[in-house]
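Shown next: upload-v1.txt, given as compact mmCIF, C-alpha atoms and all ligand atoms.
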```
# COMPACT_ATOMS: atom_id res chain seq x y z
CA MET Z 1 167.44 -104.33 133.32
CA ASP Z 2 165.84 -107.72 133.50
CA PHE Z 3 166.72 -109.29 130.16
CA LEU Z 4 164.62 -112.36 130.63
CA LYS Z 5 161.58 -110.16 131.03
CA LEU Z 6 162.44 -108.34 127.86
CA PHE Z 7 161.97 -111.45 125.79
CA SER Z 8 159.10 -113.09 127.59
CA LYS Z 9 155.57 -112.36 126.46
CA GLU Z 10 154.05 -112.40 129.94
CA PRO Z 11 151.94 -109.34 130.60
CA PRO Z 12 152.74 -107.36 133.75
CA SER Z 13 151.02 -108.88 136.77
CA LYS Z 14 148.95 -105.78 137.35
CA ASP Z 15 147.26 -106.27 133.99
CA VAL Z 16 146.46 -109.83 134.96
CA ALA Z 17 145.07 -108.53 138.26
CA LYS Z 18 142.96 -105.96 136.47
CA GLU Z 19 141.45 -108.44 134.03
CA ARG Z 20 140.69 -110.91 136.79
CA LEU Z 21 139.12 -108.23 138.93
CA LYS Z 22 136.90 -107.00 136.14
CA LEU Z 23 135.47 -110.46 135.65
CA ILE Z 24 135.07 -111.16 139.37
CA LEU Z 25 133.24 -107.90 139.90
CA ILE Z 26 130.80 -108.59 137.10
CA HIS Z 27 129.76 -111.73 138.94
CA ASP Z 28 129.79 -110.08 142.37
CA ARG Z 29 127.74 -107.12 141.23
CA ALA Z 30 125.18 -109.21 139.42
CA ASN Z 31 125.05 -111.43 142.49
CA VAL Z 32 125.19 -114.53 140.34
CA SER Z 33 126.17 -117.88 141.75
CA PRO Z 34 127.46 -120.82 139.70
CA THR Z 35 124.27 -122.74 140.58
CA PHE Z 36 122.24 -119.92 139.07
CA LEU Z 37 124.12 -120.30 135.81
CA GLU Z 38 123.60 -124.07 135.89
CA MET Z 39 119.87 -123.64 136.46
CA LEU Z 40 119.68 -121.15 133.65
CA LYS Z 41 121.56 -123.52 131.40
CA SER Z 42 119.21 -126.43 131.95
CA ASP Z 43 116.18 -124.20 131.46
CA ILE Z 44 117.54 -122.87 128.21
CA ILE Z 45 118.24 -126.39 127.01
CA ARG Z 46 114.67 -127.37 127.84
CA VAL Z 47 113.14 -124.44 125.98
CA ILE Z 48 115.35 -124.59 122.92
CA SER Z 49 115.02 -128.37 122.61
CA ASP Z 50 111.43 -127.89 121.50
CA TYR Z 51 112.71 -126.14 118.41
CA ALA Z 52 116.13 -127.51 117.74
CA GLU Z 53 118.44 -130.32 118.51
CA ILE Z 54 121.34 -128.81 120.38
CA ASP Z 55 124.78 -129.96 121.32
CA GLU Z 56 124.42 -129.80 125.08
CA ARG Z 57 128.08 -130.31 125.77
CA GLY Z 58 129.06 -127.42 123.55
CA LEU Z 59 126.58 -125.10 125.22
CA GLU Z 60 128.25 -122.21 126.94
CA ILE Z 61 126.74 -119.50 129.07
CA LYS Z 62 128.73 -116.77 130.65
CA LEU Z 63 128.35 -113.42 132.23
CA THR Z 64 130.27 -110.54 130.71
CA LYS Z 65 129.68 -106.88 130.55
CA ALA Z 66 127.92 -104.82 127.97
CA GLY Z 67 128.05 -101.12 127.32
CA GLU Z 68 130.95 -98.79 127.14
CA GLU Z 69 134.15 -98.96 129.10
CA GLY Z 70 133.53 -98.09 132.71
CA ILE Z 71 129.79 -98.60 132.63
CA SER Z 72 129.38 -102.20 133.57
CA THR Z 73 125.95 -103.56 132.86
CA PRO Z 74 126.10 -107.30 133.09
CA ALA Z 75 125.22 -109.22 129.95
CA LEU Z 76 124.51 -112.89 129.49
CA ILE Z 77 126.21 -114.41 126.50
CA ALA Z 78 124.99 -117.78 125.37
CA ASN Z 79 126.63 -119.88 122.73
CA ILE Z 80 124.23 -122.63 121.70
CA PRO Z 81 125.47 -124.98 118.98
CA ILE Z 82 122.54 -126.34 116.95
CA ARG Z 83 122.79 -129.75 115.38
CA LYS Z 84 119.52 -129.68 113.51
CA MET Z 85 116.38 -127.63 113.49
CA LYS Z 86 113.23 -129.51 114.40
CA ASP Z 87 110.20 -129.67 112.15
CA THR Z 88 108.19 -127.55 114.52
CA ALA Z 89 110.51 -124.66 113.77
CA LYS Z 90 109.83 -124.71 110.07
CA MET M 1 125.38 -79.07 162.57
CA GLY M 2 128.47 -81.07 161.73
CA THR M 3 129.16 -83.79 159.18
CA SER M 4 129.63 -87.46 159.97
CA ILE M 5 132.00 -89.57 157.89
CA VAL M 6 132.43 -93.32 158.20
CA VAL M 7 135.78 -94.88 157.26
CA THR M 8 135.14 -98.36 155.96
CA SER M 9 136.69 -101.04 153.72
CA GLY M 10 135.22 -104.52 153.84
CA LYS M 11 138.58 -106.22 154.07
CA GLY M 12 140.45 -106.04 157.35
CA GLY M 13 143.84 -104.51 157.92
CA VAL M 14 143.88 -102.12 154.97
CA GLY M 15 144.27 -99.00 157.10
CA LYS M 16 140.85 -97.82 158.33
CA THR M 17 142.01 -97.01 161.85
CA THR M 18 145.21 -95.37 160.61
CA THR M 19 143.10 -93.31 158.21
CA THR M 20 140.58 -92.30 160.88
CA ALA M 21 143.29 -91.21 163.31
CA ASN M 22 145.16 -89.23 160.68
CA ILE M 23 142.22 -87.54 159.01
CA GLY M 24 140.74 -86.69 162.40
CA THR M 25 144.00 -85.18 163.59
CA ALA M 26 144.60 -83.36 160.32
CA LEU M 27 141.12 -81.80 160.35
CA ALA M 28 141.72 -80.66 163.93
CA MET M 29 145.08 -79.20 162.89
CA LEU M 30 143.15 -77.23 160.28
CA GLY M 31 141.07 -75.74 163.09
CA LYS M 32 137.95 -77.91 162.94
CA LYS M 33 136.32 -79.30 166.03
CA VAL M 34 136.58 -83.06 165.55
CA VAL M 35 135.58 -86.26 167.32
CA VAL M 36 136.83 -89.65 166.19
CA VAL M 37 134.55 -92.52 167.12
CA ASP M 38 135.73 -96.11 167.52
CA ALA M 39 132.96 -98.36 166.20
CA ASP M 40 135.09 -101.50 166.40
CA THR M 41 133.59 -102.74 169.67
CA GLY M 42 135.55 -105.69 171.05
CA LEU M 43 138.64 -104.88 169.00
CA ARG M 44 139.23 -101.26 169.80
CA ASN M 45 142.43 -99.70 168.44
CA LEU M 46 141.78 -96.07 167.71
CA ASP M 47 142.86 -95.12 171.26
CA LEU M 48 146.28 -96.69 170.60
CA HIS M 49 146.78 -94.79 167.36
CA LEU M 50 146.19 -91.54 169.23
CA GLY M 51 148.14 -92.57 172.32
CA LEU M 52 145.09 -92.13 174.54
CA GLU M 53 144.68 -95.68 175.82
CA ASN M 54 145.54 -94.78 179.42
CA ARG M 55 142.88 -92.12 179.71
CA ILE M 56 139.83 -94.20 178.99
CA VAL M 57 137.24 -94.32 181.76
CA TYR M 58 133.91 -94.67 179.99
CA ASN M 59 133.15 -95.80 176.46
CA LEU M 60 130.54 -95.76 173.72
CA VAL M 61 128.69 -98.78 175.12
CA ASP M 62 128.46 -97.06 178.52
CA VAL M 63 126.90 -94.04 176.82
CA VAL M 64 124.38 -96.14 174.93
CA GLU M 65 123.48 -98.11 178.06
CA GLY M 66 123.07 -94.90 180.06
CA THR M 67 125.88 -95.65 182.50
CA CYS M 68 127.41 -92.23 181.81
CA LYS M 69 126.77 -88.99 179.95
CA LEU M 70 128.17 -88.58 176.43
CA LYS M 71 130.49 -85.79 177.62
CA GLN M 72 132.01 -88.05 180.28
CA ALA M 73 133.10 -90.61 177.69
CA LEU M 74 134.84 -88.12 175.42
CA ILE M 75 138.61 -87.96 175.79
CA LYS M 76 140.51 -84.86 174.80
CA ASP M 77 143.58 -85.35 172.63
CA LYS M 78 147.06 -84.84 174.10
CA ARG M 79 148.14 -82.27 171.54
CA LEU M 80 145.05 -80.64 170.15
CA ASP M 81 142.33 -78.99 172.24
CA ASN M 82 139.74 -79.38 169.48
CA LEU M 83 140.19 -83.13 168.92
CA PHE M 84 138.31 -85.75 170.93
CA LEU M 85 138.06 -89.53 170.99
CA LEU M 86 134.99 -91.56 171.79
CA PRO M 87 136.44 -94.99 172.56
CA THR M 88 134.43 -98.17 172.55
CA ALA M 89 134.33 -101.17 174.85
CA GLN M 90 136.98 -103.84 174.54
CA THR M 91 135.14 -106.51 176.51
CA LYS M 92 131.74 -106.32 174.79
CA ASP M 93 130.81 -107.49 171.33
CA LYS M 94 129.25 -105.63 168.45
CA THR M 95 125.68 -106.55 169.28
CA ALA M 96 125.94 -104.42 172.44
CA VAL M 97 124.83 -101.47 170.29
CA THR M 98 122.04 -101.21 167.71
CA PRO M 99 122.14 -99.15 164.50
CA GLU M 100 119.33 -96.95 165.88
CA GLN M 101 121.32 -96.20 169.04
CA MET M 102 124.37 -95.46 166.97
CA GLN M 103 122.44 -93.11 164.74
CA GLU M 104 121.14 -91.17 167.73
CA LEU M 105 124.62 -90.97 169.23
CA VAL M 106 126.11 -89.62 166.02
CA GLU M 107 123.30 -87.06 165.73
CA ASN M 108 124.15 -85.82 169.22
CA LEU M 109 127.83 -85.60 168.35
CA LYS M 110 127.06 -83.65 165.19
CA ASN M 111 125.48 -80.96 167.36
CA GLU M 112 128.78 -80.49 169.18
CA PHE M 113 131.40 -81.10 166.49
CA ASP M 114 132.21 -79.98 162.95
CA TYR M 115 133.32 -83.49 162.00
CA VAL M 116 132.43 -86.89 163.41
CA ILE M 117 134.78 -89.51 161.94
CA ILE M 118 133.70 -93.10 162.54
CA ASP M 119 136.20 -95.97 162.42
CA CYS M 120 134.32 -98.98 161.02
CA PRO M 121 135.27 -102.58 161.80
CA ALA M 122 136.15 -105.01 159.02
CA GLY M 123 133.37 -107.10 157.53
CA ILE M 124 129.80 -106.51 156.40
CA GLU M 125 127.91 -107.64 159.48
CA HIS M 126 126.48 -105.97 162.56
CA GLY M 127 129.54 -103.82 163.20
CA PHE M 128 129.40 -102.40 159.70
CA GLU M 129 125.67 -101.71 160.03
CA ASN M 130 126.31 -99.81 163.26
CA ALA M 131 129.20 -97.79 161.89
CA VAL M 132 127.35 -96.59 158.80
CA ALA M 133 124.03 -95.99 160.55
CA GLY M 134 124.61 -92.34 161.35
CA ALA M 135 127.00 -91.45 158.53
CA ASP M 136 126.41 -88.63 156.03
CA ARG M 137 129.41 -89.56 153.94
CA ALA M 138 131.68 -92.56 153.54
CA ILE M 139 135.36 -93.02 152.85
CA VAL M 140 136.22 -96.42 151.40
CA VAL M 141 139.80 -97.48 152.08
CA THR M 142 141.48 -100.08 149.93
CA THR M 143 144.96 -101.23 148.98
CA PRO M 144 146.17 -102.10 145.46
CA GLU M 145 145.48 -105.80 145.90
CA VAL M 146 142.81 -107.89 144.20
CA SER M 147 141.16 -109.07 147.40
CA ALA M 148 140.98 -105.58 148.92
CA VAL M 149 139.59 -104.11 145.69
CA ARG M 150 136.97 -106.83 145.44
CA ASP M 151 135.84 -106.23 149.02
CA ALA M 152 135.81 -102.47 148.44
CA ASP M 153 133.45 -103.01 145.52
CA ARG M 154 131.15 -105.04 147.72
CA ILE M 155 131.14 -102.28 150.33
CA ILE M 156 130.41 -99.63 147.71
CA GLY M 157 127.41 -101.72 146.61
CA LYS M 158 126.23 -101.93 150.23
CA LEU M 159 126.62 -98.20 150.78
CA GLU M 160 124.64 -97.43 147.65
CA ALA M 161 121.91 -99.84 148.67
CA LYS M 162 121.62 -97.82 151.88
CA GLY M 163 121.36 -94.57 149.98
CA LEU M 164 124.82 -93.44 151.12
CA GLU M 165 125.73 -92.04 147.73
CA ASP M 166 128.39 -89.65 148.96
CA HIS M 167 131.34 -92.00 149.05
CA GLN M 168 134.95 -91.59 148.01
CA LEU M 169 137.98 -93.81 147.74
CA ILE M 170 141.36 -93.76 149.44
CA ILE M 171 144.01 -96.04 148.00
CA ASN M 172 146.41 -96.85 150.80
CA ARG M 173 149.86 -98.44 150.75
CA ILE M 174 150.80 -97.74 147.16
CA LYS M 175 154.35 -98.83 146.44
CA PHE M 176 155.61 -96.58 143.75
CA GLU M 177 158.51 -98.81 142.72
CA MET M 178 156.14 -101.69 142.08
CA THR M 179 153.54 -99.69 140.16
CA LYS M 180 156.32 -98.36 137.97
CA LYS M 181 157.28 -101.91 137.03
CA GLY M 182 153.69 -102.88 136.37
CA GLU M 183 153.71 -105.22 139.34
CA MET M 184 151.03 -103.40 141.30
CA LEU M 185 147.64 -102.00 140.29
CA ASN M 186 148.03 -98.29 139.71
CA ILE M 187 145.65 -95.44 140.44
CA ASP M 188 144.08 -95.42 136.98
CA ASP M 189 143.52 -99.18 137.07
CA MET M 190 141.71 -98.90 140.35
CA THR M 191 139.47 -95.94 139.56
CA ASP M 192 138.67 -97.68 136.30
CA ILE M 193 137.60 -100.87 138.06
CA LEU M 194 135.76 -99.27 140.98
CA ALA M 195 133.27 -96.69 139.83
CA ILE M 196 133.95 -94.24 142.65
CA LYS M 197 135.52 -90.84 143.07
CA LEU M 198 139.11 -90.78 144.29
CA LEU M 199 139.70 -88.82 147.50
CA GLY M 200 143.37 -89.59 147.91
CA ILE M 201 146.34 -91.88 147.63
CA VAL M 202 148.63 -92.77 150.50
CA PRO M 203 152.06 -94.26 149.88
CA ASP M 204 153.25 -97.30 151.75
CA ASP M 205 155.40 -95.74 154.42
CA GLU M 206 157.46 -97.41 157.14
CA LYS M 207 157.03 -94.33 159.26
CA ILE M 208 153.41 -95.35 159.83
CA VAL M 209 154.65 -98.16 162.06
CA ILE M 210 156.78 -95.73 164.03
CA SER M 211 153.84 -93.37 164.40
CA THR M 212 151.64 -96.17 165.70
CA ASN M 213 154.40 -97.31 168.07
CA ARG M 214 154.47 -93.87 169.59
CA GLY M 215 150.75 -93.20 169.46
CA GLU M 216 151.33 -90.10 167.37
CA PRO M 217 149.50 -89.99 164.01
CA ALA M 218 151.72 -89.54 160.95
CA VAL M 219 150.22 -86.12 160.19
CA THR M 220 152.03 -84.75 163.25
CA ASP M 221 155.37 -85.69 161.65
CA PRO M 222 156.27 -83.17 158.94
CA ALA M 223 158.76 -85.63 157.40
CA SER M 224 156.21 -88.41 156.88
CA LYS M 225 155.04 -88.95 153.30
CA ALA M 226 151.92 -90.77 154.41
CA GLY M 227 151.28 -87.91 156.82
CA GLN M 228 151.49 -85.40 153.99
CA ALA M 229 149.06 -87.50 151.96
CA TYR M 230 146.57 -87.53 154.84
CA LYS M 231 146.90 -83.78 155.26
CA ASN M 232 146.04 -83.36 151.58
CA ILE M 233 143.04 -85.62 152.03
CA ALA M 234 141.80 -83.54 154.97
CA ARG M 235 142.00 -80.39 152.88
CA ARG M 236 140.08 -82.09 150.06
CA LEU M 237 137.39 -83.04 152.56
CA LEU M 238 137.04 -79.36 153.33
CA GLY M 239 136.43 -78.72 149.65
CA GLU M 240 139.88 -77.52 148.66
CA GLU M 241 141.39 -78.59 145.35
CA VAL M 242 144.67 -80.27 146.17
CA PRO M 243 146.58 -82.10 143.44
CA PHE M 244 147.30 -85.79 144.02
CA MET M 245 150.69 -86.58 145.45
CA GLU M 246 153.47 -87.20 142.97
CA LEU M 247 154.71 -90.57 144.06
CA ASP M 248 157.76 -90.09 141.92
CA ASN M 249 159.32 -87.38 144.03
CA GLU M 250 161.73 -89.55 145.98
CA GLU M 251 163.91 -89.09 142.96
CA SER M 252 164.81 -85.47 143.10
CA GLY M 253 168.02 -83.65 142.46
CA PHE M 254 170.82 -84.01 140.03
CA PHE M 255 170.60 -87.65 139.05
CA SER M 256 166.87 -87.68 138.62
CA ILE M 257 167.22 -85.11 135.86
CA PHE M 258 169.45 -87.50 133.97
CA LYS M 259 167.17 -90.42 134.66
CA LYS M 260 164.22 -88.47 133.38
CA LEU M 261 166.11 -87.47 130.26
CA PHE M 262 166.88 -91.06 129.44
CA ARG M 263 163.46 -92.36 130.25
CA ARG M 264 161.83 -90.29 127.56
N1 LIG Z 301 150.35 -96.26 154.43
C1 LIG Z 301 150.81 -97.27 155.18
N2 LIG Z 301 152.12 -97.63 155.08
C2 LIG Z 301 152.59 -98.66 155.83
N3 LIG Z 301 151.88 -99.36 156.72
C3 LIG Z 301 150.57 -99.06 156.86
C4 LIG Z 301 149.97 -98.00 156.10
N4 LIG Z 301 148.66 -97.92 156.46
C5 LIG Z 301 148.46 -98.89 157.38
N5 LIG Z 301 149.59 -99.56 157.63
C6 LIG Z 301 149.76 -100.71 158.57
O1 LIG Z 301 148.76 -101.67 158.29
C7 LIG Z 301 148.30 -102.27 159.48
C8 LIG Z 301 146.79 -102.20 159.56
O2 LIG Z 301 146.39 -100.85 159.71
P1 LIG Z 301 145.03 -100.46 160.44
O3 LIG Z 301 144.97 -101.05 161.80
O4 LIG Z 301 144.86 -99.00 160.30
O5 LIG Z 301 143.99 -101.23 159.51
P2 LIG Z 301 142.43 -101.47 159.75
O6 LIG Z 301 141.80 -101.44 158.41
O7 LIG Z 301 141.91 -100.51 160.76
O8 LIG Z 301 142.44 -102.93 160.36
P3 LIG Z 301 141.18 -103.71 161.02
O9 LIG Z 301 140.36 -104.18 159.87
O10 LIG Z 301 141.81 -104.82 161.77
O11 LIG Z 301 140.44 -102.73 161.88
C9 LIG Z 301 149.01 -101.57 160.61
O12 LIG Z 301 150.05 -102.38 161.05
C10 LIG Z 301 149.52 -100.30 160.00
O13 LIG Z 301 150.71 -99.89 160.60
MG MG Z 302 140.81 -100.91 162.59
```
Could you spell out this file's structure in structure tokens?
Ligand SMILES: Nc1ncnc2c1ncn2[C@@H]1O[C@H](COP(=O)(O)OP(=O)(O)OP(=O)(O)O)[C@@H](O)[C@H]1O
Ligand SMILES: [Mg+2]
Amino acid sequence: MDFLKLFSKEPPSKDVAKERLKLILIHDRANVSPTFLEMLKSDIIRVISDYAEIDERGLEIKLTKAGEEGISTPALIANIPIRKMKDTAK
Amino acid sequence: MGTSIVVTSGKGGVGKTTTTANIGTALAMLGKKVVVVDADTGLRNLDLHLGLENRIVYNLVDVVEGTCKLKQALIKDKRLDNLFLLPTAQTKDKTAVTPEQMQELVENLKNEFDYVIIDCPAGIEHGFENAVAGADRAIVVTTPEVSAVRDADRIIGKLEAKGLEDHQLIINRIKFEMTKKGEMLNIDDMTDILAIKLLGIVPDDEKIVISTNRGEPAVTDPASKAGQAYKNIARRLLGEEVPFMELDNEESGFFSIFKKLFRR
């Protein structure tokens, strides 16, 4: 018995592999490149800026999966921190 | 009219040729008339796995180019009268054949054989396109490693894009000791990640090397675990329900009973 392992909190490497693979495959299947995400990001900033002042550095866009376990439809999750709404939005 | 099955993987070296040789031999041992086709032009290996390398006169490229008749290029197996090999050229490259030519060739073979098993080269380029061109079904081979699984997923996507919906997975080189410790992706992990039906699991088995050394597929060795796994796979291909191999069974006998008692 490996006593060191017993006390460490590290998950077994196969779980790490599985989590990594799930994320990689979401990107592979959606055929999304990092440049695509960057382009999307700047477009979103442009559109939203008409309505609100946003914290561009805090803006986060990532691809995850939606739906039930096993059925992997890609989903875009955007986290857009708003500093202040613009008058046009009121 | 027979069935054509392509054995593919994306990533190289995961066991496509080993799988082709063993499934082909096992199906022939079950009485089917089988031809195994080497589609890895330029890097042919299937002849070595079957121990037929010294009998090659003509090859697949010769057939396609009209240098010889299809029958002249087929090589009968050493052991089984109903197993044949169609080797490919070693000194040509993959562009020597087109997908259309390959499709026609496979159609012709299907008229003569119950099963046409095609050994696909690694990669997703011309060689892959050729190998899948005439296939009715696909077997995707992978190993329990992140890179192999990723490439398998890519291949599954490609097969589906081609309308080759009948595809199943073989997980090769499972090391039971490692999966037990959580240090290797297990079968559930992999079928969970890859949305594909499981056709079989093959343990990592040193005897495979010995089989390849001798040019005798593992299925001809009754003591080989991998051979047994491939025999099960062949029966599943024929539509039989065969339970998946218990990878735990190296521990049998007196002590294992104690071990099992304490594990619970
Ligand atoms: N179940 C197994 N247990 C142990 N070794 C194996 C097993 N399956 C395959 N191998 C070994 O892995 C190596 C690669 O096998 P093989 O040539 O069949 O792969 P491949 O996918 O056809 O490769 P390539 O992409 O180069 O065509 C060989 O050395 C073989 O002996
Ligand atoms: Mg090969």
Interface residues on chain M facing chain Z, 7 Å, all atoms listed in the file, written as a list in words: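 Result, ordered by chain then number: Val146, Arg150, Gly182, Glu183, Met184, Leu185, Asp189, Asp192 and Ile193 of chain M.
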Kindly export the residues of the current selection with C-alpha atoms, as an mmCIF file, in the frame of the given file.
```cif
data_model
loop_
_atom_site.group_PDB
_atom_site.id
_atom_site.type_symbol
_atom_site.label_atom_id
_atom_site.label_comp_id
_atom_site.auth_asym_id
_atom_site.auth_seq_id
_atom_site.Cartn_x
_atom_site.Cartn_y
_atom_site.Cartn_z
ATOM 1 C CA VAL M 146 142.810 -107.890 144.200
ATOM 2 C CA ARG M 150 136.970 -106.830 145.440
ATOM 3 C CA GLY M 182 153.690 -102.880 136.370
ATOM 4 C CA GLU M 183 153.710 -105.220 139.340
ATOM 5 C CA MET M 184 151.030 -103.400 141.300
ATOM 6 C CA LEU M 185 147.640 -102.000 140.290
ATOM 7 C CA ASP M 189 143.520 -99.180 137.070
ATOM 8 C CA ASP M 192 138.670 -97.680 136.300
ATOM 9 C CA ILE M 193 137.600 -100.870 138.060
#
```
Nearby residues, ligand MG 302 (chain Z), 7 Å, all atoms listed in the file, as a list in words: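 Residues lying within 7 Å of ligand MG 302 (chain Z): Gly13, Gly15, Lys16, Thr17, Asp40, Asn45, Asp119, Cys120 and Pro121 of chain M.
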Nearby residues, ligand LIG 301 (chain Z), 7 Å, only C-alpha atoms and all ligand atoms, as JSON, numbers by chain: {"M": [9, 11, 12, 13, 14, 15, 16, 17, 18, 19, 121, 122, 172, 173, 202, 203, 204, 205, 206, 208, 209, 212, 226]}
Close residues, Asn130 in chain M itself excluded, 9 Å, all atoms listed in the file, min 5 positions apart in chain, as a PyMOL selection string: chain M and resi 39+94+97-103+120+125
Neighbour residues at most 7 Å from (150.6, -87.6, 171.0) (all atoms listed in the file) as a list in words: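 Nearby residues: Leu50, Gly51, Lys78, Arg79, Gly215 and Glu216 of chain M.
For range 60-66 of chain Z, the list of residues within 6 Å, based on all atoms listed in the file and with local chain neighbours fewer than 5 positions off taken out, reads Ser72, Thr73, Pro74, Ala75, Leu76, Ile77, Ala78 and Asn79 of chain Z.
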Distance of CA of Leu60 in chain M from CA of Thr91 in chain M, expressed in Å to one decimal place: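 Taking CA of Thr91 in chain M as the start and CA of Leu60 in chain M as the end point, the length is 12.0 Å.
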Shortest interatomic distance to Asp38 in chain M - which of M:Ala195, M:Gln168, M:Asn59, M:Glu112, counting all atoms listed in the file: M:Asn59
